[in-house]
>>> print(open('structure.cif').read())   # mmCIF, C-alpha atoms
data_coords
#
loop_
_atom_site.label_atom_id
_atom_site.label_comp_id
_atom_site.auth_asym_id
_atom_site.auth_seq_id
_atom_site.Cartn_x
_atom_site.Cartn_y
_atom_site.Cartn_z
CA MET A 92 34.24 22.24 -38.43
CA TYR A 93 31.31 20.10 -37.49
CA THR A 94 28.28 19.94 -39.72
CA SER A 95 24.61 20.20 -38.90
CA GLU A 96 24.43 16.44 -39.58
CA ASP A 97 26.99 15.83 -36.84
CA SER A 98 25.07 18.10 -34.53
CA LYS A 99 21.84 16.19 -35.18
CA LYS A 100 23.57 12.87 -34.54
CA ILE A 101 25.07 14.03 -31.28
CA MET A 102 21.87 15.66 -30.02
CA MET A 103 19.68 12.68 -30.92
CA PRO A 104 19.98 11.09 -27.42
CA ALA A 105 18.71 14.33 -25.85
CA ALA A 106 15.75 14.31 -28.23
CA ILE A 107 14.95 10.69 -27.33
CA TYR A 108 15.16 11.57 -23.64
CA ALA A 109 12.79 14.49 -24.26
CA GLY A 110 10.30 12.00 -25.66
CA VAL A 111 10.77 9.73 -22.65
CA THR A 112 10.29 12.74 -20.36
CA LEU A 113 7.02 13.57 -22.07
CA PHE A 114 5.86 9.94 -21.79
CA CYS A 115 6.72 9.85 -18.08
CA ALA A 116 4.88 13.12 -17.42
CA VAL A 117 1.75 11.91 -19.21
CA PHE A 118 1.96 8.49 -17.53
CA SER A 119 2.20 9.98 -14.03
CA ILE A 120 -0.65 12.44 -14.69
CA ILE A 121 -2.95 9.65 -15.91
CA TYR A 122 -1.88 7.33 -13.07
CA ASN A 123 -2.56 10.01 -10.49
CA ILE A 124 -6.03 10.64 -11.92
CA PHE A 125 -6.97 7.02 -11.15
CA ALA A 126 -5.12 6.83 -7.82
CA HIS A 127 -8.10 7.93 -5.69
CA GLY A 128 -6.19 10.87 -4.30
CA VAL A 129 -3.18 8.84 -3.17
CA HIS A 130 0.10 10.32 -4.36
CA SER A 131 3.72 9.28 -4.40
CA PRO A 132 6.58 11.65 -5.17
CA TYR A 133 8.22 8.82 -7.11
CA MET A 134 5.26 8.87 -9.51
CA THR A 135 4.56 12.61 -9.46
CA TRP A 136 8.18 13.51 -10.24
CA LEU A 137 8.87 10.53 -12.50
CA PHE A 138 9.64 12.79 -15.45
CA VAL A 139 12.54 14.42 -13.59
CA TRP A 140 14.81 11.38 -14.08
CA PRO A 141 14.85 11.48 -17.89
CA LEU A 142 14.67 15.28 -17.91
CA VAL A 143 17.66 15.96 -15.65
CA LEU A 144 19.75 12.82 -16.09
CA GLY A 145 18.70 12.47 -19.70
CA VAL A 146 17.97 15.65 -21.63
CA ALA A 147 20.19 17.97 -19.58
CA VAL A 148 23.14 15.60 -19.28
CA GLU A 149 22.97 14.52 -22.93
CA ILE A 150 23.01 18.14 -24.10
CA VAL A 151 26.13 18.78 -22.00
CA ALA A 152 27.68 15.49 -23.14
CA GLY A 153 26.84 16.32 -26.76
CA ILE A 154 28.52 19.72 -26.52
CA ILE A 155 31.59 18.12 -24.93
CA ARG A 156 31.73 15.48 -27.62
CA GLN A 157 31.57 18.16 -30.33
CA LYS A 158 34.71 19.68 -28.91
CA THR A 159 36.74 16.57 -28.10
CA ASP A 160 37.56 13.21 -29.57
CA ALA A 161 36.37 10.97 -26.76
CA GLY A 162 36.22 8.00 -29.10
CA ARG A 163 34.67 4.58 -28.82
CA VAL A 164 35.08 4.38 -25.05
CA ALA A 165 32.74 7.35 -24.64
CA ASP A 166 30.12 5.53 -26.74
CA ILE A 167 30.29 2.54 -24.40
CA ALA A 168 30.16 4.89 -21.42
CA GLU A 169 26.96 6.34 -22.81
CA TYR A 170 25.43 2.88 -23.21
CA ILE A 171 26.15 2.16 -19.56
CA TYR A 172 24.93 5.59 -18.43
CA ASN A 173 21.72 5.35 -20.44
CA SER A 174 21.09 1.87 -19.06
CA GLY A 175 21.50 3.29 -15.56
CA VAL A 176 19.06 6.15 -16.19
CA ALA A 177 16.56 3.70 -17.65
CA ALA A 178 16.84 1.51 -14.52
CA LEU A 179 16.41 4.55 -12.26
CA THR A 180 13.35 5.75 -14.18
CA VAL A 181 11.67 2.34 -14.21
CA SER A 182 12.58 1.84 -10.54
CA SER A 183 10.94 5.16 -9.70
CA MET A 184 7.83 4.19 -11.65
CA LEU A 185 7.58 0.87 -9.80
CA ARG A 186 8.11 2.59 -6.46
CA GLY A 187 5.35 5.07 -7.33
CA ILE A 188 2.95 2.26 -8.28
CA MET A 189 3.71 0.38 -5.06
CA ASP A 190 3.58 3.49 -2.86
CA ILE A 191 0.15 4.37 -4.20
CA ALA A 192 -1.05 0.81 -3.65
CA GLY A 193 0.46 0.85 -0.15
CA THR A 194 2.99 -1.91 -0.63
CA GLY A 195 6.69 -2.29 -1.37
CA SER A 196 9.39 -4.64 -2.63
CA VAL A 197 13.04 -5.09 -1.71
CA TYR A 198 13.81 -5.85 -5.35
CA GLN A 199 12.78 -2.35 -6.38
CA VAL A 200 15.48 -0.98 -4.08
CA TRP A 201 18.08 -3.21 -5.74
CA MET A 202 16.96 -1.83 -9.09
CA LEU A 203 17.57 1.66 -7.74
CA TYR A 204 21.06 0.67 -6.57
CA ALA A 205 21.90 -0.98 -9.90
CA GLY A 206 20.71 2.07 -11.83
CA THR A 207 22.73 4.41 -9.64
CA VAL A 208 25.90 2.33 -10.05
CA MET A 209 25.49 2.08 -13.83
CA ALA A 210 24.76 5.79 -14.26
CA ALA A 211 27.71 6.76 -12.04
CA ALA A 212 30.04 4.30 -13.75
CA GLY A 213 28.98 5.52 -17.18
CA ALA A 214 29.56 9.15 -16.18
CA VAL A 215 33.01 8.39 -14.74
CA ILE A 216 34.09 6.36 -17.79
CA PHE A 217 32.82 9.13 -20.08
CA ALA A 218 34.76 11.77 -18.12
CA VAL A 219 37.94 9.68 -18.27
CA ALA A 220 37.50 9.13 -22.00
CA VAL A 221 36.97 12.84 -22.59
CA LEU A 222 40.01 13.79 -20.52
CA ALA A 223 42.11 11.19 -22.33
CA GLY A 224 40.89 12.60 -25.64
CA LYS A 225 41.86 16.13 -24.58
CA SER A 226 45.30 15.07 -23.40
CA ASN A 227 45.88 13.57 -26.85
CA GLY A 228 45.25 17.07 -28.18
CA SER A 229 42.74 15.88 -30.72
CA ARG A 230 39.39 17.41 -31.59
CA LYS A 231 36.73 15.45 -33.30
CA TYR A 232 35.37 18.29 -35.39
CA ASN A 233 37.70 20.90 -36.80
CA MET B 175 25.66 1.39 -34.14
CA TYR B 176 24.60 -2.23 -34.64
CA LEU B 177 25.98 -3.16 -31.21
CA LYS B 178 24.09 -0.25 -29.67
CA LYS B 179 20.78 -1.49 -31.08
CA ILE B 180 21.37 -5.06 -29.91
CA TRP B 181 22.29 -3.82 -26.43
CA ALA B 182 19.20 -1.58 -26.31
CA VAL B 183 16.89 -4.46 -27.23
CA ILE B 184 18.49 -6.94 -24.81
CA TYR B 185 18.51 -4.39 -21.98
CA ALA B 186 14.90 -3.37 -22.62
CA VAL B 187 13.82 -7.02 -22.44
CA ILE B 188 15.77 -7.50 -19.18
CA LEU B 189 14.24 -4.33 -17.72
CA VAL B 190 10.70 -5.44 -18.63
CA LEU B 191 11.25 -8.92 -17.17
CA VAL B 192 12.71 -7.52 -13.95
CA SER B 193 9.83 -5.03 -13.66
CA VAL B 194 7.26 -7.79 -14.12
CA PHE B 195 9.00 -9.86 -11.44
CA VAL B 196 9.10 -6.91 -9.01
CA LEU B 197 5.38 -6.28 -9.51
CA LEU B 198 4.52 -9.96 -9.14
CA ASP B 199 6.62 -10.10 -5.98
CA ALA B 200 4.81 -7.09 -4.54
CA PHE B 201 1.26 -7.93 -5.58
CA VAL B 202 0.86 -11.60 -6.39
CA ILE B 203 3.45 -14.14 -5.21
CA PRO B 204 2.49 -15.60 -1.80
CA LYS B 205 5.39 -16.03 0.62
CA ASP B 206 6.40 -16.22 4.29
CA ARG B 207 3.40 -18.48 4.93
CA ILE B 208 2.65 -19.53 8.51
CA LYS B 209 -0.43 -21.62 9.27
CA ALA B 210 -2.60 -19.61 11.66
CA GLU B 211 -2.89 -20.50 15.30
CA THR B 212 -6.62 -21.00 15.68
CA PRO B 213 -7.55 -21.95 19.22
CA SER B 214 -11.07 -20.76 18.53
CA GLN B 215 -11.61 -23.45 15.92
CA SER B 216 -11.61 -26.38 18.34
CA ASP B 217 -14.53 -28.80 18.03
CA GLU B 218 -15.85 -27.75 21.42
CA ILE B 219 -16.08 -24.09 20.51
CA THR B 220 -17.46 -24.83 17.07
CA ASN B 221 -20.20 -26.92 18.63
CA GLU B 222 -20.90 -24.13 21.10
CA SER B 223 -21.05 -21.72 18.18
CA ILE B 224 -23.52 -23.87 16.30
CA GLU B 225 -25.74 -24.27 19.36
CA ALA B 226 -25.56 -20.56 20.17
CA LYS B 227 -26.49 -19.60 16.64
CA ALA B 228 -29.40 -22.03 16.71
CA GLU B 229 -30.76 -20.35 19.81
CA ALA B 230 -29.96 -16.81 18.73
CA VAL B 231 -32.54 -14.29 17.61
CA ILE B 232 -31.42 -13.16 14.19
CA THR B 233 -33.03 -10.54 11.97
CA GLY B 234 -31.85 -8.83 8.81
CA ASN B 235 -29.88 -6.31 10.81
CA SER B 236 -29.41 -7.79 14.26
CA TYR B 237 -28.13 -10.78 16.19
CA GLN B 238 -28.82 -11.56 19.81
CA ASP B 239 -27.82 -14.49 21.97
CA ASP B 240 -26.85 -14.79 25.62
CA LYS B 241 -23.27 -13.59 24.96
CA ILE B 242 -23.40 -11.41 21.86
CA SER B 243 -25.59 -8.53 20.78
CA ILE B 244 -25.19 -6.92 17.36
CA THR B 245 -27.31 -4.21 15.76
CA ILE B 246 -26.52 -2.83 12.33
CA SER B 247 -27.86 0.53 11.26
CA GLU B 248 -27.45 2.46 8.03
CA LEU B 249 -26.65 6.16 8.08
CA ARG B 250 -26.62 8.68 5.28
CA GLU B 251 -24.02 11.40 5.83
CA TYR B 252 -21.70 13.38 3.56
CA ASP B 253 -23.53 11.95 0.51
CA THR B 254 -22.41 8.51 1.63
CA ASN B 255 -24.02 5.35 2.91
CA ILE B 256 -22.41 4.32 6.19
CA TYR B 257 -23.07 0.96 7.85
CA VAL B 258 -22.57 0.93 11.60
CA ALA B 259 -22.57 -2.19 13.76
CA ASP B 260 -23.12 -1.70 17.47
CA ILE B 261 -21.67 -4.70 19.28
CA GLN B 262 -21.87 -5.77 22.90
CA LEU B 263 -20.07 -8.86 24.10
CA ALA B 264 -20.00 -10.85 27.31
CA ASP B 265 -16.34 -11.69 26.75
CA ALA B 266 -13.54 -10.19 24.66
CA SER B 267 -12.71 -13.59 23.19
CA TYR B 268 -15.71 -13.21 20.85
CA LEU B 269 -13.88 -10.37 19.09
CA ARG B 270 -11.46 -12.23 16.84
CA ALA B 271 -9.30 -12.06 13.78
CA GLY B 272 -9.46 -14.32 10.74
CA LEU B 273 -6.73 -14.87 8.18
CA ALA B 274 -7.16 -15.62 4.50
CA ASP B 275 -6.79 -19.34 3.86
CA GLY B 276 -6.20 -19.71 7.60
CA THR B 277 -2.64 -18.67 6.89
CA PHE B 278 -0.38 -15.74 7.71
CA GLY B 279 1.69 -14.64 4.73
CA ARG B 280 2.49 -12.02 2.17
CA ASN B 281 -0.04 -11.91 -0.68
CA VAL B 282 -2.22 -14.65 0.84
CA THR B 283 -5.70 -13.32 0.19
CA GLU B 284 -9.39 -14.19 0.11
CA VAL B 285 -12.50 -12.04 0.02
CA THR B 286 -13.89 -10.97 3.40
CA SER B 287 -17.04 -13.07 3.00
CA GLN B 288 -15.03 -16.24 2.39
CA ILE B 289 -12.78 -15.70 5.42
CA ALA B 290 -15.86 -14.89 7.49
CA GLN B 291 -17.62 -18.10 6.46
CA ASP B 292 -14.49 -20.17 7.07
CA SER B 293 -14.20 -18.56 10.53
CA ASN B 294 -17.86 -19.27 11.37
CA ALA B 295 -18.30 -15.54 11.93
CA ILE B 296 -21.52 -13.73 12.72
CA LEU B 297 -20.28 -10.27 11.74
CA ALA B 298 -17.04 -9.36 9.97
CA ILE B 299 -15.20 -6.40 8.52
CA ASN B 300 -11.95 -6.32 6.58
CA GLY B 301 -8.77 -5.93 8.62
CA ASP B 302 -5.52 -4.08 7.98
CA PHE B 303 -4.37 -6.03 4.88
CA TYR B 304 -1.04 -6.72 6.63
CA GLY B 305 0.01 -9.04 3.78
CA PHE B 306 0.45 -6.10 1.44
CA ARG B 307 3.42 -4.88 3.45
CA ASN B 308 6.70 -6.37 4.65
CA LYS B 309 6.71 -4.51 7.96
CA GLY B 310 4.32 -3.52 10.72
CA TYR B 311 3.28 -5.45 13.80
CA VAL B 312 0.88 -8.31 13.19
CA MET B 313 -0.72 -10.04 16.16
CA ARG B 314 -3.83 -12.12 15.77
CA ASN B 315 -5.74 -14.02 18.44
CA GLY B 316 -2.78 -13.81 20.81
CA TYR B 317 -0.18 -15.03 18.31
CA LEU B 318 2.55 -12.62 17.27
CA TYR B 319 3.27 -13.14 13.57
CA ARG B 320 5.39 -10.08 12.76
CA GLU B 321 7.44 -7.87 15.08
CA THR B 322 9.13 -5.56 12.57
CA ALA B 323 8.12 -1.94 13.04
CA GLN B 324 7.43 0.20 10.00
CA GLN B 325 7.92 3.87 9.37
CA SER B 326 4.69 5.44 8.21
CA ASN B 327 4.22 8.11 5.56
CA LYS B 328 5.47 11.63 6.03
CA SER B 329 5.29 11.93 9.79
CA GLY B 330 7.22 8.71 10.33
CA ARG B 331 4.65 7.68 12.95
CA GLN B 332 2.98 4.34 12.47
CA GLU B 333 -0.05 4.11 14.71
CA ASP B 334 -1.34 0.67 15.63
CA LEU B 335 -4.55 -0.50 17.24
CA VAL B 336 -4.01 -2.80 20.20
CA ILE B 337 -6.89 -4.89 21.53
CA TYR B 338 -6.20 -6.36 24.93
CA GLU B 339 -7.45 -9.60 26.46
CA ASP B 340 -9.83 -7.66 28.73
CA GLY B 341 -11.50 -6.11 25.69
CA SER B 342 -9.97 -2.65 26.01
CA MET B 343 -8.45 -0.89 23.01
CA ASP B 344 -5.59 1.55 22.65
CA VAL B 345 -3.81 3.34 19.83
CA ILE B 346 -0.01 3.20 20.11
CA GLU B 347 2.98 4.24 17.98
CA GLU B 348 5.08 1.34 16.73
CA ASN B 349 8.40 3.05 17.21
CA THR B 350 7.71 3.70 20.90
CA VAL B 351 6.97 0.14 22.06
CA SER B 352 7.95 -3.32 20.90
CA ALA B 353 5.39 -5.88 19.82
CA GLN B 354 6.70 -8.30 22.43
CA THR B 355 6.12 -5.70 25.17
CA LEU B 356 2.54 -5.25 23.98
CA LYS B 357 2.07 -9.00 24.07
CA ASP B 358 3.54 -9.16 27.56
CA ASN B 359 1.09 -6.41 28.57
CA GLY B 360 -1.85 -8.56 27.52
CA ALA B 361 -2.43 -7.65 23.88
CA SER B 362 -4.36 -10.19 21.86
CA GLN B 363 -4.65 -8.27 18.55
CA ILE B 364 -2.42 -5.65 16.93
CA TYR B 365 -3.45 -3.95 13.69
CA SER B 366 -0.92 -1.90 11.75
CA PHE B 367 -2.69 0.45 9.38
CA GLY B 368 -4.15 3.62 10.78
CA PRO B 369 -4.14 6.35 11.58
CA GLY B 370 -5.80 6.34 14.95
CA LEU B 371 -9.02 8.36 14.72
CA ILE B 372 -9.91 8.88 18.37
CA LYS B 373 -7.79 8.50 21.47
CA ASP B 374 -9.04 9.09 25.01
CA GLY B 375 -12.26 10.49 23.58
CA THR B 376 -10.52 13.09 21.40
CA ILE B 377 -10.40 13.05 17.61
CA THR B 378 -6.73 12.79 16.63
CA VAL B 379 -6.97 13.62 12.92
CA ASN B 380 -7.99 16.93 11.42
CA GLU B 381 -8.90 18.34 8.04
CA ASN B 382 -5.58 20.05 7.44
CA SER B 383 -2.83 17.98 9.00
CA GLU B 384 -3.72 14.83 7.12
CA VAL B 385 -2.97 14.60 3.45
CA GLU B 386 -3.42 12.29 0.50
CA GLN B 387 -5.53 9.32 1.57
CA SER B 388 -7.04 11.26 4.43
CA MET B 389 -8.15 14.29 2.49
CA GLN B 390 -9.78 12.28 -0.27
CA SER B 391 -13.27 10.85 0.03
CA ASN B 392 -13.04 7.08 -0.12
CA PRO B 393 -14.69 3.92 1.15
CA ARG B 394 -13.57 3.46 4.75
CA THR B 395 -13.48 0.84 7.47
CA ALA B 396 -13.10 1.67 11.14
CA ILE B 397 -13.37 -0.04 14.49
CA GLY B 398 -13.85 1.67 17.82
CA MET B 399 -14.59 1.11 21.46
CA ILE B 400 -17.27 2.82 23.53
CA THR B 401 -16.37 0.85 26.65
CA PRO B 402 -14.48 -2.46 26.92
CA LEU B 403 -16.77 -5.13 25.37
CA HIS B 404 -18.92 -2.46 23.69
CA TYR B 405 -17.65 -1.76 20.19
CA ILE B 406 -18.52 -0.01 16.95
CA MET B 407 -17.57 -1.30 13.52
CA ALA B 408 -18.25 1.11 10.67
CA VAL B 409 -17.90 0.72 6.92
CA SER B 410 -18.70 3.42 4.40
CA ASP B 411 -19.38 3.09 0.71
CA GLY B 412 -17.56 5.34 -1.75
CA ARG B 413 -16.28 5.76 -5.29
CA THR B 414 -19.83 5.24 -6.62
CA ASP B 415 -22.57 7.52 -7.92
CA ALA B 416 -24.61 6.76 -4.80
CA SER B 417 -21.82 7.38 -2.30
CA THR B 418 -18.92 9.80 -2.37
CA GLY B 419 -17.03 8.23 0.51
CA LEU B 420 -15.57 9.77 3.64
CA THR B 421 -12.44 11.66 4.48
CA MET B 422 -10.52 10.49 7.51
CA TYR B 423 -11.80 13.42 9.51
CA GLN B 424 -15.42 12.69 8.58
CA LEU B 425 -14.92 9.03 9.54
CA ALA B 426 -13.53 10.11 12.91
CA GLY B 427 -16.59 12.31 13.36
CA VAL B 428 -18.93 9.39 12.67
CA MET B 429 -17.11 7.23 15.24
CA LYS B 430 -17.17 10.07 17.76
CA ASP B 431 -20.92 10.53 17.23
CA MET B 432 -21.34 6.82 17.99
CA GLY B 433 -19.72 7.43 21.37
CA CYS B 434 -16.31 5.87 20.74
CA VAL B 435 -13.49 6.88 23.08
CA THR B 436 -11.00 4.94 20.95
CA ALA B 437 -11.28 4.48 17.19
CA TYR B 438 -8.96 3.33 14.46
CA ASN B 439 -8.93 3.38 10.67
CA LEU B 440 -8.48 -0.02 9.03
CA ASP B 441 -7.75 -0.69 5.37
CA GLY B 442 -10.21 1.16 3.16
CA GLY B 443 -10.82 1.76 -0.52
CA GLY B 444 -11.69 -1.40 -2.39
CA SER B 445 -11.04 -3.47 0.72
CA SER B 446 -13.86 -1.91 2.76
CA THR B 447 -16.39 -4.66 3.39
CA MET B 448 -18.93 -5.47 6.09
CA TRP B 449 -20.38 -8.98 6.18
CA PHE B 450 -23.27 -10.05 8.41
CA ASN B 451 -24.92 -13.45 8.73
CA GLY B 452 -23.98 -14.66 5.27
CA GLU B 453 -24.46 -11.41 3.35
CA VAL B 454 -22.24 -8.51 2.34
CA VAL B 455 -23.88 -5.44 3.87
CA ASN B 456 -22.18 -2.61 1.98
CA GLN B 457 -21.32 -1.95 -1.66
CA PRO B 458 -17.60 -2.81 -1.84
CA THR B 459 -15.76 -1.44 -4.84
CA SER B 460 -12.77 -3.00 -6.43
CA TYR B 461 -10.99 -2.22 -9.70
CA GLY B 462 -12.24 1.37 -9.65
CA SER B 463 -15.97 1.64 -9.12
CA LYS B 464 -16.96 -1.97 -9.95
CA ILE B 465 -19.13 -3.42 -7.18
CA SER B 466 -17.33 -6.52 -5.98
CA GLU B 467 -15.31 -7.69 -3.01
CA ARG B 468 -11.56 -7.30 -3.04
CA ALA B 469 -9.49 -10.20 -1.74
CA VAL B 470 -7.75 -9.19 1.49
CA SER B 471 -5.34 -10.71 4.00
CA ASP B 472 -7.52 -10.68 7.08
CA ILE B 473 -10.76 -9.81 8.80
CA VAL B 474 -11.92 -8.67 12.22
CA TYR B 475 -14.98 -10.62 13.24
CA ILE B 476 -17.45 -11.47 15.95
CA GLY B 477 -17.95 -15.16 16.44
CA ARG B 478 -18.43 -17.95 18.94
#
>>> encode(input="structure.cif", output="structure tokens")
Amino acid sequence: MYTSEDSKKIMMPAAIYAGVTLFCAVFSIIYNIFAHGVHSPYMTWLFVWPLVLGVAVEIVAGIIRQKTDAGRVADIAEYIYNSGVAALTVSSMLRGIMDIAGTGSVYQVWMLYAGTVMAAAGAVIFAVAVLAGKSNGSRKYN
Amino acid sequence: MYLKKIWAVIYAVILVLVSVFVLLDAFVIPKDRIKAETPSQSDEITNESIEAKAEAVITGNSYQDDKISITISELREYDTNIYVADIQLADASYLRAGLADGTFGRNVTEVTSQIAQDSNAILAINGDFYGFRNKGYVMRNGYLYRETAQQSNKSGRQEDLVIYEDGSMDVIEENTVSAQTLKDNGASQIYSFGPGLIKDGTITVNENSEVEQSMQSNPRTAIGMITPLHYIMAVSDGRTDASTGLTMYQLAGVMKDMGCVTAYNLDGGGSSTMWFNGEVVNQPTSYGSKISERAVSDIVYIGR
């Protein structure tokens, strides 16, 4: 049986992402106020990245990890996934800033690609680790 | 846990460094530099320019010589100061473009007044700030610098202003005609900003179809043609207590009232600047509402 301490530990990433979501929402609101009426969806919806790919996914991942023994590999998968989400969020922020200014950069696109690859790789590795943990018949918290 | 913290710190540093580089690349680092082709800067023409200016009748708001006539008037509409230059030329070659530092390139910038002085201009307004973007046709004084078409905003239509060697103007869509074709058809200048405000005497923007930049009141810069060799350059203030600024539709209305059959929106906001005979005419705003000139890539000017 898992304890409330375990639950807190597992849900901590979702809480951090909630904080990042709040920061992104406030940042985009303030940025839009000073943008002289110019808007970019990448800035307006900046908070969606950490909200959907962060809070929502981490809650699901946390629940899964409570029920299975995904082990150390799943931890590494989460590092990679979180790094990918961070790259996607920052990339979106940069795109929003450049859109509003009326410019662009090819390097921002590469950041988007890198973030997508890392997030996808992290998710796949996590899924494999979870499935491997299940096939071993073990449960982390009993 | 320890490894996780180290990774988080290292990755955060990498992400910050990459972000700084991306922003510097977009906003600061000059690149793709090409020294401008400047046939107008020959000694002969410069001497002619000096002689013409010496013989010209110049007042605080007008210039008159045997080839060029300029009259600047100030309007007050929509709670905004608008500066309108009525220009008549004997030849289209007096309507020219100037590049910052005499160079084509990304992030190569100077203030409008500096480019105007370096170009020996009589009257100048800011151009399309082509150097802020990687794409969009750029043709200046008959030289084609960039032929890559861009997709504009939501509609996907990028409207350009084409000024031909005979002094006529037209608004075209980049994805419907190549820059080389325009050059072959006699274009001498292509500006890639927009949108077009008036085409064939009809206002082509409206209050509802345009969004974002267009709906908001801002400083604006526009150029238009009444007839070939008879032009209007207009710059509005904005973002200040004294002037709200214009929407795109209001700007089109001003150009229409001036009699333009073709008109085009150039880069606005902090870039909007009109310079005449050594002085900045309007109240340009940069960094919010601070009154100062913003460094830009290029100008449109009248000069000999």
>>> resolve_selection(input="structure.cif", expression="the PyMOL selection byres ((chain B and resi 390-393) around 10)", output="PyMOL selection string")
(chain A and resi 127-129) or (chain B and resi 252+254-256+384-389+394-395+409-414+417-425+441-447+456-459)
>>> resolve_selection(input="structure.cif", expression="the PyMOL selection byres ((chain A and resi 216) around 9)", output="PDB file with C-alpha atoms, keeping the file's coordinate frame")
ATOM      1  CA  VAL A 164      35.080   4.380 -25.050  1.00  0.00           C
ATOM      2  CA  ALA A 165      32.740   7.350 -24.640  1.00  0.00           C
ATOM      3  CA  ILE A 167      30.290   2.540 -24.400  1.00  0.00           C
ATOM      4  CA  ALA A 168      30.160   4.890 -21.420  1.00  0.00           C
ATOM      5  CA  GLU A 169      26.960   6.340 -22.810  1.00  0.00           C
ATOM      6  CA  ALA A 211      27.710   6.760 -12.040  1.00  0.00           C
ATOM      7  CA  ALA A 212      30.040   4.300 -13.750  1.00  0.00           C
ATOM      8  CA  GLY A 213      28.980   5.520 -17.180  1.00  0.00           C
ATOM      9  CA  ALA A 214      29.560   9.150 -16.180  1.00  0.00           C
ATOM     10  CA  VAL A 215      33.010   8.390 -14.740  1.00  0.00           C
ATOM     11  CA  PHE A 217      32.820   9.130 -20.080  1.00  0.00           C
ATOM     12  CA  ALA A 218      34.760  11.770 -18.120  1.00  0.00           C
ATOM     13  CA  VAL A 219      37.940   9.680 -18.270  1.00  0.00           C
ATOM     14  CA  ALA A 220      37.500   9.130 -22.000  1.00  0.00           C
ATOM     15  CA  VAL A 221      36.970  12.840 -22.590  1.00  0.00           C
TER      16      VAL A 221
END
>>> atom_distance(input="structure.cif", atom1="CA of Ile377 (chain B)", atom2="CA of Asp334 (chain B)")
15.5 Å
>>> resolve_selection(input="structure.cif", expression="the PyMOL selection byres ((chain B and resi 235) around 8)", output="list of chain:residue names")
B:Ile232, B:Thr233, B:Gly234, B:Ser236, B:Tyr237, B:Thr245, B:Ile246, B:Ser247, B:Phe450
>>> atom_distance(input="structure.cif", atom1="CA of Leu249 (chain B)", atom2="CA of Asp292 (chain B)")
29.0 Å
>>> interface_residues(input="structure.cif", of="chain A", to="chain B", cutoff="8 Å", atoms="all atoms listed in the file", output="VMD selection string")
chain A and resid 125 127 to 130 170 174 178 181 185 189 193 to 196 198 to 199
>>> atom_distance(input="structure.cif", atom1="CA of Ile242 (chain B)", atom2="CA of Gln288 (chain B)")
21.7 Å
>>> residues_around(input="structure.cif", residues="Phe367 (chain B)", least_positions_apart="3", cutoff="10 Å", atoms="all atoms listed in the file", output="VMD selection string")
chain B and resid 301 to 304 310 to 311 326 332 to 335 364 370 438 to 442
>>> write_last_selection(input="structure.cif", atoms="C-alpha atoms", output="compact mmCIF listing (two decimals), keeping the file's coordinate frame")
# COMPACT_ATOMS: atom_id res chain seq x y z
CA GLY B 301 -8.77 -5.93 8.62
CA ASP B 302 -5.52 -4.08 7.98
CA PHE B 303 -4.37 -6.03 4.88
CA TYR B 304 -1.04 -6.72 6.63
CA GLY B 310 4.32 -3.52 10.72
CA TYR B 311 3.28 -5.45 13.80
CA SER B 326 4.69 5.44 8.21
CA GLN B 332 2.98 4.34 12.47
CA GLU B 333 -0.05 4.11 14.71
CA ASP B 334 -1.34 0.67 15.63
CA LEU B 335 -4.55 -0.50 17.24
CA ILE B 364 -2.42 -5.65 16.93
CA GLY B 370 -5.80 6.34 14.95
CA TYR B 438 -8.96 3.33 14.46
CA ASN B 439 -8.93 3.38 10.67
CA LEU B 440 -8.48 -0.02 9.03
CA ASP B 441 -7.75 -0.69 5.37
CA GLY B 442 -10.21 1.16 3.16
>>> residues_near_point(input="structure.cif", point="(-13.5, 0.1, 27.9)", cutoff="6 Å", atoms="only C-alpha atoms", output="ChimeraX atom specification")
/B:342,401-402
>>> residues_around(input="structure.cif", residues="Ala109 (chain A)", least_positions_apart="3", cutoff="8 Å", atoms="only C-alpha atoms", output="list in words")
Ala105, Ala106, Thr112, Leu113, Pro141, Leu142, Gly145 and Val146 of chain A
